[in-house]
Every structure is written in structure tokens, then in C-alpha cells.
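Peer 1: What follows is run_5.cif; its format and atoms are mmCIF, C-alpha atoms and all ligand atoms.
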```cif
data_model
#
loop_
_atom_site.group_PDB
_atom_site.id
_atom_site.type_symbol
_atom_site.label_atom_id
_atom_site.label_comp_id
_atom_site.auth_asym_id
_atom_site.auth_seq_id
_atom_site.Cartn_x
_atom_site.Cartn_y
_atom_site.Cartn_z
ATOM 1 C CA MET C 29 -13.722 5.191 -12.641
ATOM 2 C CA ARG C 30 -10.633 4.117 -10.713
ATOM 3 C CA THR C 31 -10.816 1.454 -8.024
ATOM 4 C CA LYS C 32 -10.609 2.925 -4.546
ATOM 5 C CA ILE C 33 -8.695 0.952 -1.943
ATOM 6 C CA VAL C 34 -8.283 1.084 1.809
ATOM 7 C CA ALA C 35 -5.366 -1.101 2.903
ATOM 8 C CA GLY C 36 -4.120 -1.788 6.435
ATOM 9 C CA ASN C 37 -0.395 -2.243 7.045
ATOM 10 C CA TRP C 38 -0.186 -4.024 10.384
ATOM 11 C CA LYS C 39 3.639 -3.868 10.481
ATOM 12 C CA MET C 40 5.086 -6.063 13.287
ATOM 13 C CA ASN C 41 1.828 -6.140 15.247
ATOM 14 C CA ILE C 42 -0.992 -8.691 15.623
ATOM 15 C CA ASN C 43 -0.227 -12.359 16.181
ATOM 16 C CA ARG C 44 -1.995 -15.214 14.410
ATOM 17 C CA ASP C 45 -4.890 -15.471 16.885
ATOM 18 C CA GLU C 46 -5.336 -11.713 17.016
ATOM 19 C CA ALA C 47 -5.365 -11.639 13.204
ATOM 20 C CA MET C 48 -8.419 -13.903 13.053
ATOM 21 C CA GLN C 49 -10.157 -11.750 15.614
ATOM 22 C CA LEU C 50 -9.262 -8.450 13.948
ATOM 23 C CA VAL C 51 -10.450 -9.565 10.501
ATOM 24 C CA ASN C 52 -13.649 -10.971 12.012
ATOM 25 C CA ASP C 53 -14.224 -7.657 13.768
ATOM 26 C CA ILE C 54 -13.538 -5.631 10.605
ATOM 27 C CA SER C 55 -15.928 -7.872 8.648
ATOM 28 C CA ALA C 56 -18.615 -7.387 11.275
ATOM 29 C CA GLU C 57 -18.110 -3.604 11.272
ATOM 30 C CA ILE C 58 -18.542 -3.344 7.493
ATOM 31 C CA GLN C 59 -21.135 -6.096 7.165
ATOM 32 C CA ASN C 60 -23.913 -3.776 6.059
ATOM 33 C CA HIS C 61 -21.699 -1.372 4.164
ATOM 34 C CA ASP C 62 -21.655 -1.491 0.364
ATOM 35 C CA ILE C 63 -18.019 -1.147 -0.703
ATOM 36 C CA ASN C 64 -19.351 -0.643 -4.191
ATOM 37 C CA GLY C 65 -16.685 -2.423 -6.228
ATOM 38 C CA ASN C 66 -13.886 -0.873 -4.200
ATOM 39 C CA ARG C 67 -11.332 -2.919 -2.262
ATOM 40 C CA VAL C 68 -10.308 -3.544 1.348
ATOM 41 C CA MET C 69 -6.940 -5.153 2.097
ATOM 42 C CA VAL C 70 -4.929 -6.068 5.174
ATOM 43 C CA PHE C 71 -1.215 -6.817 5.284
ATOM 44 C CA PRO C 72 -0.355 -8.891 8.393
ATOM 45 C CA PRO C 73 3.118 -10.116 9.402
ATOM 46 C CA PHE C 74 3.959 -13.403 7.600
ATOM 47 C CA LEU C 75 3.003 -15.681 10.485
ATOM 48 C CA SER C 76 -0.380 -13.996 10.919
ATOM 49 C CA ILE C 77 -1.376 -14.187 7.255
ATOM 50 C CA GLN C 78 -3.088 -17.537 7.589
ATOM 51 C CA GLY C 79 -5.090 -16.412 10.609
ATOM 52 C CA ALA C 80 -6.329 -13.409 8.629
ATOM 53 C CA GLN C 81 -7.098 -15.619 5.617
ATOM 54 C CA ASP C 82 -9.023 -18.116 7.742
ATOM 55 C CA ALA C 83 -11.205 -15.301 9.014
ATOM 56 C CA SER C 84 -11.519 -13.512 5.681
ATOM 57 C CA GLY C 85 -12.795 -16.714 4.074
ATOM 58 C CA ARG C 86 -16.059 -15.680 5.651
ATOM 59 C CA ASP C 87 -15.932 -12.220 4.117
ATOM 60 C CA SER C 88 -14.006 -12.284 0.871
ATOM 61 C CA ARG C 89 -14.148 -8.491 0.728
ATOM 62 C CA VAL C 90 -11.173 -8.347 3.094
ATOM 63 C CA GLU C 91 -8.189 -9.302 0.926
ATOM 64 C CA VAL C 92 -4.979 -10.443 2.603
ATOM 65 C CA GLY C 93 -1.454 -9.604 1.413
ATOM 66 C CA ALA C 94 2.168 -9.701 2.605
ATOM 67 C CA GLN C 95 4.364 -6.838 3.790
ATOM 68 C CA ASN C 96 7.536 -7.886 1.998
ATOM 69 C CA MET C 97 9.242 -10.582 -0.097
ATOM 70 C CA HIS C 98 12.718 -11.423 -1.375
ATOM 71 C CA GLN C 99 13.640 -10.855 -4.999
ATOM 72 C CA ALA C 100 15.134 -14.334 -5.575
ATOM 73 C CA GLU C 101 13.070 -17.414 -6.395
ATOM 74 C CA SER C 102 14.707 -19.507 -3.671
ATOM 75 C CA GLY C 103 18.142 -20.099 -2.152
ATOM 76 C CA ALA C 104 20.437 -19.374 0.748
ATOM 77 C CA TYR C 105 18.718 -16.250 2.082
ATOM 78 C CA THR C 106 18.102 -17.023 5.734
ATOM 79 C CA GLY C 107 14.949 -15.478 7.097
ATOM 80 C CA GLU C 108 13.483 -14.531 3.727
ATOM 81 C CA VAL C 109 10.320 -15.479 1.806
ATOM 82 C CA SER C 110 9.940 -15.618 -2.001
ATOM 83 C CA ALA C 111 7.103 -14.637 -4.324
ATOM 84 C CA LYS C 112 6.457 -18.300 -5.095
ATOM 85 C CA MET C 113 6.119 -19.089 -1.395
ATOM 86 C CA LEU C 114 3.560 -16.296 -1.054
ATOM 87 C CA LEU C 115 1.575 -17.660 -3.992
ATOM 88 C CA ASN C 116 1.701 -21.155 -2.543
ATOM 89 C CA ALA C 117 0.154 -19.685 0.620
ATOM 90 C CA HIS C 118 -2.597 -18.044 -1.533
ATOM 91 C CA VAL C 119 -1.149 -14.593 -1.069
ATOM 92 C CA THR C 120 -1.579 -12.602 -4.282
ATOM 93 C CA LYS C 121 -0.402 -9.154 -3.250
ATOM 94 C CA VAL C 122 2.625 -7.643 -1.553
ATOM 95 C CA ILE C 123 3.721 -4.248 -0.223
ATOM 96 C CA LEU C 124 7.122 -3.177 -1.565
ATOM 97 C CA GLY C 125 9.163 -0.057 -0.886
ATOM 98 C CA HIS C 126 7.741 0.903 2.488
ATOM 99 C CA SER C 127 9.849 3.651 4.072
ATOM 100 C CA GLU C 128 10.576 1.449 7.099
ATOM 101 C CA ARG C 129 12.080 -1.181 4.772
ATOM 102 C CA ARG C 130 14.071 1.524 2.986
ATOM 103 C CA GLU C 131 15.293 3.035 6.271
ATOM 104 C CA TYR C 132 15.896 0.052 8.593
ATOM 105 C CA PHE C 133 16.678 -2.637 6.021
ATOM 106 C CA HIS C 134 18.509 -0.396 3.562
ATOM 107 C CA GLU C 135 16.290 -1.216 0.604
ATOM 108 C CA THR C 136 17.358 0.902 -2.367
ATOM 109 C CA ASP C 137 15.458 1.863 -5.524
ATOM 110 C CA GLU C 138 17.638 -0.618 -7.428
ATOM 111 C CA LEU C 139 16.768 -3.480 -5.069
ATOM 112 C CA LEU C 140 13.114 -2.501 -5.209
ATOM 113 C CA GLN C 141 13.191 -2.727 -8.992
ATOM 114 C CA GLN C 142 14.325 -6.338 -8.631
ATOM 115 C CA LYS C 143 11.627 -7.069 -6.068
ATOM 116 C CA VAL C 144 8.936 -5.498 -8.263
ATOM 117 C CA ASP C 145 10.117 -7.558 -11.237
ATOM 118 C CA ALA C 146 10.087 -10.783 -9.193
ATOM 119 C CA ALA C 147 6.606 -10.056 -7.863
ATOM 120 C CA LEU C 148 5.179 -9.279 -11.309
ATOM 121 C CA LYS C 149 6.896 -12.255 -12.927
ATOM 122 C CA ASN C 150 5.012 -14.428 -10.468
ATOM 123 C CA GLY C 151 1.721 -12.641 -11.044
ATOM 124 C CA LEU C 152 1.551 -10.849 -7.701
ATOM 125 C CA GLU C 153 -0.064 -7.463 -7.342
ATOM 126 C CA VAL C 154 2.257 -4.818 -5.863
ATOM 127 C CA VAL C 155 1.389 -1.979 -3.509
ATOM 128 C CA PHE C 156 4.428 0.198 -4.170
ATOM 129 C CA CYS C 157 5.267 2.770 -1.477
ATOM 130 C CA PHE C 158 7.395 5.860 -1.927
ATOM 131 C CA GLY C 159 7.618 9.398 -0.585
ATOM 132 C CA GLU C 160 9.966 12.142 0.494
ATOM 133 C CA LYS C 161 11.568 12.822 3.884
ATOM 134 C CA LEU C 162 10.913 16.025 5.818
ATOM 135 C CA ASP C 163 14.207 17.704 4.913
ATOM 136 C CA GLU C 164 13.597 16.921 1.244
ATOM 137 C CA ARG C 165 10.209 18.663 1.453
ATOM 138 C CA HIS C 166 11.713 21.620 3.300
ATOM 139 C CA LEU C 167 14.311 21.979 0.562
ATOM 140 C CA GLY C 168 11.534 21.882 -2.040
ATOM 141 C CA ASN C 169 12.870 18.640 -3.517
ATOM 142 C CA HIS C 170 9.804 16.476 -2.891
ATOM 143 C CA PHE C 171 8.661 16.265 -6.520
ATOM 144 C CA THR C 172 12.159 15.380 -7.748
ATOM 145 C CA VAL C 173 12.588 12.714 -5.043
ATOM 146 C CA VAL C 174 9.243 11.099 -5.791
ATOM 147 C CA GLU C 175 9.829 11.129 -9.537
ATOM 148 C CA LYS C 176 13.236 9.476 -9.057
ATOM 149 C CA GLN C 177 11.783 6.758 -6.813
ATOM 150 C CA LEU C 178 9.107 5.971 -9.395
ATOM 151 C CA ARG C 179 11.466 6.128 -12.360
ATOM 152 C CA LYS C 180 14.071 3.820 -10.844
ATOM 153 C CA ALA C 181 11.714 1.136 -9.585
ATOM 154 C CA LEU C 182 8.788 1.238 -12.003
ATOM 155 C CA PHE C 183 9.331 3.095 -15.261
ATOM 156 C CA HIS C 184 10.938 0.117 -16.994
ATOM 157 C CA LEU C 185 7.631 -1.760 -16.693
ATOM 158 C CA SER C 186 5.349 -2.476 -19.645
ATOM 159 C CA LYS C 187 1.829 -1.042 -19.850
ATOM 160 C CA GLU C 188 0.549 -4.550 -19.161
ATOM 161 C CA ASP C 189 2.656 -4.744 -15.968
ATOM 162 C CA TRP C 190 1.047 -1.565 -14.659
ATOM 163 C CA LYS C 191 -2.293 -3.360 -14.324
ATOM 164 C CA LYS C 192 -0.759 -5.033 -11.265
ATOM 165 C CA ILE C 193 0.624 -1.858 -9.672
ATOM 166 C CA ILE C 194 -1.089 0.122 -6.908
ATOM 167 C CA LEU C 195 0.810 3.214 -5.783
ATOM 168 C CA ALA C 196 0.979 4.452 -2.200
ATOM 169 C CA TYR C 197 2.392 7.942 -1.736
ATOM 170 C CA GLU C 198 3.603 8.092 1.847
ATOM 171 C CA PRO C 199 5.525 11.201 2.880
ATOM 172 C CA VAL C 200 7.969 9.791 5.437
ATOM 173 C CA TRP C 201 7.387 12.731 7.806
ATOM 174 C CA ALA C 202 3.707 11.783 8.063
ATOM 175 C CA ILE C 203 4.131 8.081 8.882
ATOM 176 C CA GLY C 204 3.338 7.228 12.478
ATOM 177 C CA THR C 205 3.943 10.824 13.530
ATOM 178 C CA GLY C 206 0.375 12.078 13.699
ATOM 179 C CA MET C 207 1.500 14.768 11.230
ATOM 180 C CA THR C 208 -0.761 14.247 8.211
ATOM 181 C CA ALA C 209 -0.191 15.913 4.854
ATOM 182 C CA THR C 210 -2.997 18.370 4.253
ATOM 183 C CA PRO C 211 -5.562 17.197 1.706
ATOM 184 C CA GLU C 212 -4.166 19.901 -0.598
ATOM 185 C CA GLN C 213 -0.574 18.638 -0.207
ATOM 186 C CA ALA C 214 -1.745 15.086 -0.932
ATOM 187 C CA GLN C 215 -3.758 16.181 -3.974
ATOM 188 C CA GLU C 216 -0.868 18.264 -5.316
ATOM 189 C CA MET C 217 1.526 15.322 -5.132
ATOM 190 C CA HIS C 218 -0.983 12.766 -6.457
ATOM 191 C CA ALA C 219 -1.736 14.993 -9.457
ATOM 192 C CA PHE C 220 2.022 15.315 -10.060
ATOM 193 C CA ILE C 221 2.439 11.521 -9.883
ATOM 194 C CA ARG C 222 -0.395 10.975 -12.339
ATOM 195 C CA LYS C 223 1.042 13.569 -14.732
ATOM 196 C CA THR C 224 4.487 11.944 -14.501
ATOM 197 C CA ILE C 225 3.010 8.547 -15.358
ATOM 198 C CA SER C 226 1.010 10.109 -18.172
ATOM 199 C CA ASP C 227 4.146 11.744 -19.630
ATOM 200 C CA ASN C 228 6.040 8.449 -19.491
ATOM 201 C CA TYR C 229 3.245 6.137 -20.636
ATOM 202 C CA SER C 230 -0.158 7.550 -21.588
ATOM 203 C CA GLU C 231 -2.981 9.550 -20.108
ATOM 204 C CA ALA C 232 -5.258 6.511 -20.249
ATOM 205 C CA LEU C 233 -2.805 4.423 -18.221
ATOM 206 C CA ALA C 234 -2.237 7.208 -15.689
ATOM 207 C CA GLU C 235 -5.973 7.704 -15.238
ATOM 208 C CA GLY C 236 -6.396 4.022 -14.406
ATOM 209 C CA VAL C 237 -3.737 3.722 -11.679
ATOM 210 C CA SER C 238 -4.992 3.793 -8.089
ATOM 211 C CA ILE C 239 -2.834 6.137 -5.995
ATOM 212 C CA LEU C 240 -3.309 5.748 -2.246
ATOM 213 C CA TYR C 241 -2.210 8.257 0.367
ATOM 214 C CA GLY C 242 -0.501 7.016 3.540
ATOM 215 C CA GLY C 243 0.603 8.872 6.655
ATOM 216 C CA SER C 244 -1.409 9.253 9.863
ATOM 217 C CA VAL C 245 -4.801 8.717 8.212
ATOM 218 C CA LYS C 246 -7.491 8.498 10.895
ATOM 219 C CA PRO C 247 -11.287 8.405 10.946
ATOM 220 C CA SER C 248 -11.201 12.150 11.637
ATOM 221 C CA ASN C 249 -9.274 13.129 8.495
ATOM 222 C CA ALA C 250 -10.049 10.317 6.018
ATOM 223 C CA VAL C 251 -13.152 11.861 4.433
ATOM 224 C CA GLU C 252 -11.365 15.092 3.591
ATOM 225 C CA ILE C 253 -8.230 13.403 2.234
ATOM 226 C CA PHE C 254 -10.137 10.773 0.232
ATOM 227 C CA GLY C 255 -12.361 13.521 -1.121
ATOM 228 C CA LYS C 256 -9.561 14.854 -3.307
ATOM 229 C CA PRO C 257 -9.903 13.863 -6.979
ATOM 230 C CA ASP C 258 -6.517 12.127 -7.366
ATOM 231 C CA VAL C 259 -6.534 10.361 -3.989
ATOM 232 C CA ASP C 260 -7.931 6.869 -4.461
ATOM 233 C CA GLY C 261 -7.950 5.703 -0.851
ATOM 234 C CA GLY C 262 -5.276 5.084 1.733
ATOM 235 C CA LEU C 263 -2.601 2.850 3.170
ATOM 236 C CA ILE C 264 -3.244 2.880 6.882
ATOM 237 C CA GLY C 265 -0.775 1.965 9.638
ATOM 238 C CA GLY C 266 -1.713 2.649 13.263
ATOM 239 C CA ALA C 267 -5.440 3.119 12.686
ATOM 240 C CA SER C 268 -5.709 -0.236 10.875
ATOM 241 C CA LEU C 269 -5.056 -2.090 14.158
ATOM 242 C CA ASN C 270 -8.428 -1.093 15.552
ATOM 243 C CA ALA C 271 -11.461 -2.605 13.792
ATOM 244 C CA GLN C 272 -13.753 0.352 14.475
ATOM 245 C CA ASP C 273 -11.247 2.950 13.298
ATOM 246 C CA PHE C 274 -10.345 0.917 10.223
ATOM 247 C CA ALA C 275 -14.021 0.379 9.387
ATOM 248 C CA ALA C 276 -14.672 4.113 9.731
ATOM 249 C CA ILE C 277 -11.835 4.770 7.269
ATOM 250 C CA ILE C 278 -13.253 2.134 4.890
ATOM 251 C CA LYS C 279 -16.602 3.892 5.061
ATOM 252 C CA ALA C 280 -14.884 7.188 4.196
ATOM 253 C CA MET C 281 -13.699 5.654 0.921
HETATM 254 C C1 LIG C 301 2.252 3.184 7.076
HETATM 255 O O1 LIG C 301 3.059 2.639 7.816
HETATM 256 O O2 LIG C 301 2.157 2.810 5.900
HETATM 257 C C2 LIG C 301 1.422 4.261 7.614
HETATM 258 C C3 LIG C 301 0.769 5.018 6.788
HETATM 259 O O3 LIG C 301 1.409 4.404 8.991
HETATM 260 P P1 LIG C 301 0.496 5.414 9.878
HETATM 261 O O4 LIG C 301 -0.897 5.361 9.291
HETATM 262 O O5 LIG C 301 0.555 4.889 11.246
HETATM 263 O O6 LIG C 301 1.099 6.762 9.719
#
```
Translate the structure of the given file into C-alpha cells.
Ligand code: PEP
Peer 2:
Amino acid sequence: MRTKIVAGNWKMNINRDEAMQLVNDISAEIQNHDINGNRVMVFPPFLSIQGAQDASGRDSRVEVGAQNMHQAESGAYTGEVSAKMLLNAHVTKVILGHSERREYFHETDELLQQKVDAALKNGLEVVFCFGEKLDERHLGNHFTVVEKQLRKALFHLSKEDWKKIILAYEPVWAIGTGMTATPEQAQEMHAFIRKTISDNYSEALAEGVSILYGGSVKPSNAVEIFGKPDVDGGLIGGASLNAQDFAAIIKAM
């Protein structure tokens, strides 16, 4: 049985005080819900991480991670944060490869490989995001694009390293647009991803990797999407900013 995960990417929303409140509200909403060995995560902006941690201390089921980190250990990189700094702040997981980082901050597959390596070297868990753009899907290139993204950033890793990798397939055309992939489109791609990992490593490894779907997941579509056999939960943007919506998505897991 793979671990199912519902993770909230807050992006540049929710200040430190609001973070405490939001995590308290999420905890209250899922108080009587058995998450059954599965996992709930939130990824606040850096400055709001401690607020979320302070609140989640009361409900350790809500794990707190970071949305980004720099690949270097330390140095003259104004405005950046390293893996070691995250660990020192008791942050043990990080999102890497989000399409907004790729698009607005020009993060390439090569850079992401370095970031993944730095995160794993420091023992962090990585939620690795990837996915095709709309024109790539229209051209029928979505499988090739996804395979390339995975190969360049992750396929140099050892089997041991993969224990720290959570995948998040996020078709760029579905992020923040309200345009969700159909459950069938998500399943088709997730099965392809698992097969690609199996071909490059082993079936046992591929069967153990949690693959989340991200892109306009809402309470109204979560049950159907999460019901697909290769979809192991979701990375949630907009709907993770509302405790009731996020809790409903957690309950759909
Ligand atoms: C995301 O940013 O990872 C995301 C999935 O956003 P949304 O749910 O708002 O589409």
C-alpha cells in the first residue's frame, strides 16, 4: 500500500499570524477524521513556516514544509535559503520544480537536479513537481516532456534516494486555471510515470512511489481524481487556503 498525501501549496499567500490560524482551523476540521497512516502537509512562505509549525505542534498530523531552497550550502546568494537553514528551522521537506518557479524564476531541469541533490544530501524529503504545458499536450508531446523532466532531474538518483521523493504531476494548463485534468487523463499520465520509473529502476520501487496530482483540485472533484489507482493524493494550491475546502479534500483521500 502506498502512502497517500494531501499537500497544500500556499504560494505567496498567508502571513505568519494567518498561518497559525489556518493550521489550527485545518486541525479542528480533521480532528475526528482518521487519516489512516496517510499524510497531510502544508507549504507556507518562508516567513510563515514558524507560525504553521507553532500551530501544528498541537496536531502533528499537519506536517510543514518549504516551497523552495537554494542548491548551495551557503554563500553570497542574496535572498536565498539553503537546505541546512531549513533543517535548522525543523523543516524536513521541500517542494522543488513547481511550474511557477520554472516559469518566473527560470529554473531549468539541470538546476533542479542540483537542488534535488542538495536537498537529499541534507536528508530533506522532496516533493518534485513537473508537467507539460497546454501546447505540448495539444501537440501530443506530453509523455515525452514529462519523461524528460523526470530523467534530467531524478533518474541519476539511487534506489535509496527515491525513498525521499514524492512526485507531483501538475499539468501547467490546469494550475490555477480551474481547468482540471479529467480523472482519466490524470490516471493515464500517472500510470505512464510509474511505468517509466519501473523501466528505469524496478517495479517494486515504482509501486512504492507516491504520485500526487495537482491542478485545480477542489472538494467537488477530489474524490473522483483520488479514486484512480495510480493517483496517490494531491498537491493543492487555491483550495488549500480555505480550511474547510482543504479538509474536505483531505477527507477525499
Ligand atoms: C499548485 O500551485 O501546485 C496548484 C495545484 O494550484 P491550484 O490547485 O490552484 O491549481
Peer 1: Kindly indicate which residue among C:Val237, C:Leu269, C:Met113, C:Ile225 lies nearest to Phe71 in chain C, using all atoms listed in the file for the distances.
Peer 2: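 Among the listed residues, C:Leu269 lies closest to Phe71 in chain C.
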Peer 1: At a cut-off of 7 Å around ligand LIG 301 (chain C), and using only C-alpha atoms and all ligand atoms, what residues come up? Please write them as a ChimeraX atom specification.
Peer 2: /C:37,126,198,202-206,242-245,263-267
Peer 1: Please produce a file of those selected residues containing C-alpha atoms, as a compact mmCIF listing (two decimals), in the coordinates of the input.
Peer 2:
```txt
# COMPACT_ATOMS: atom_id res chain seq x y z
CA ASN C 37 -0.40 -2.24 7.04
CA HIS C 126 7.74 0.90 2.49
CA GLU C 198 3.60 8.09 1.85
CA ALA C 202 3.71 11.78 8.06
CA ILE C 203 4.13 8.08 8.88
CA GLY C 204 3.34 7.23 12.48
CA THR C 205 3.94 10.82 13.53
CA GLY C 206 0.38 12.08 13.70
CA GLY C 242 -0.50 7.02 3.54
CA GLY C 243 0.60 8.87 6.66
CA SER C 244 -1.41 9.25 9.86
CA VAL C 245 -4.80 8.72 8.21
CA LEU C 263 -2.60 2.85 3.17
CA ILE C 264 -3.24 2.88 6.88
CA GLY C 265 -0.78 1.96 9.64
CA GLY C 266 -1.71 2.65 13.26
CA ALA C 267 -5.44 3.12 12.69
```
Peer 1: What separation in Å, quoted to one decimal, exists between CA of Gly107 in chain C and CA of Met69 in chain C?
Peer 2: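 Distance reported for this atom pair: 24.7 Å.
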Peer 1: Report the closest atom pair, with its distance in Å rounded to one decimal, for each residue of range 74-137 of chain C that has an atom no farther than 9 Å from range 54-60 of chain C; count all atoms listed in the file, sort by chain and then rising residue number, and write it as CSV.
Peer 2:
```
residue,atom,partner,partner_atom,distance
C:Ala83,CA,C:Ser55,CA,8.8
C:Ser84,CA,C:Ser55,CA,7.7
C:Arg86,CA,C:Ser55,CA,8.4
C:Asp87,CA,C:Ser55,CA,6.3
C:Arg89,CA,C:Ser55,CA,8.1
C:Val90,CA,C:Ser55,CA,7.3
```
Peer 1: I need the residue set behind the PyMOL selection byres (((chain C and resi 166-182) around 10) and not hetatm) for this file; please write it as number ranges by chain.
Peer 2: C: 125, 136-145, 156-165, 183-186, 189-190, 193, 195, 197-199, 216-217, 220-221, 224-225, 228
Peer 1: Name the closest residue to Phe254 in chain C among the candidates C:Ser268, C:Gln49, C:Asn64, C:Thr210; distances are taken between atoms, counting all atoms listed in the file.
Peer 2: C:Thr210
Peer 1: Using the chain letters and numbers from this file, what does the PyMOL selection byres (((chain C and resi 94) around 8) and not hetatm) select? Give the answer as a list in words.
Peer 2: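 That selection, the PyMOL selection byres (((chain C and resi 94) around 8) and not hetatm), comes back as Phe71, Pro72, Pro73, Phe74, Ile77, Val92, Gly93, Gln95, Asn96, Met97, Leu114, Val119, Lys121, Val122 and Ile123 of chain C.
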Peer 1: Measure the distance from CA of Val251 in chain C to CA of Met281 in chain C in Å and round it to one decimal.
Peer 2: 7.2 Å
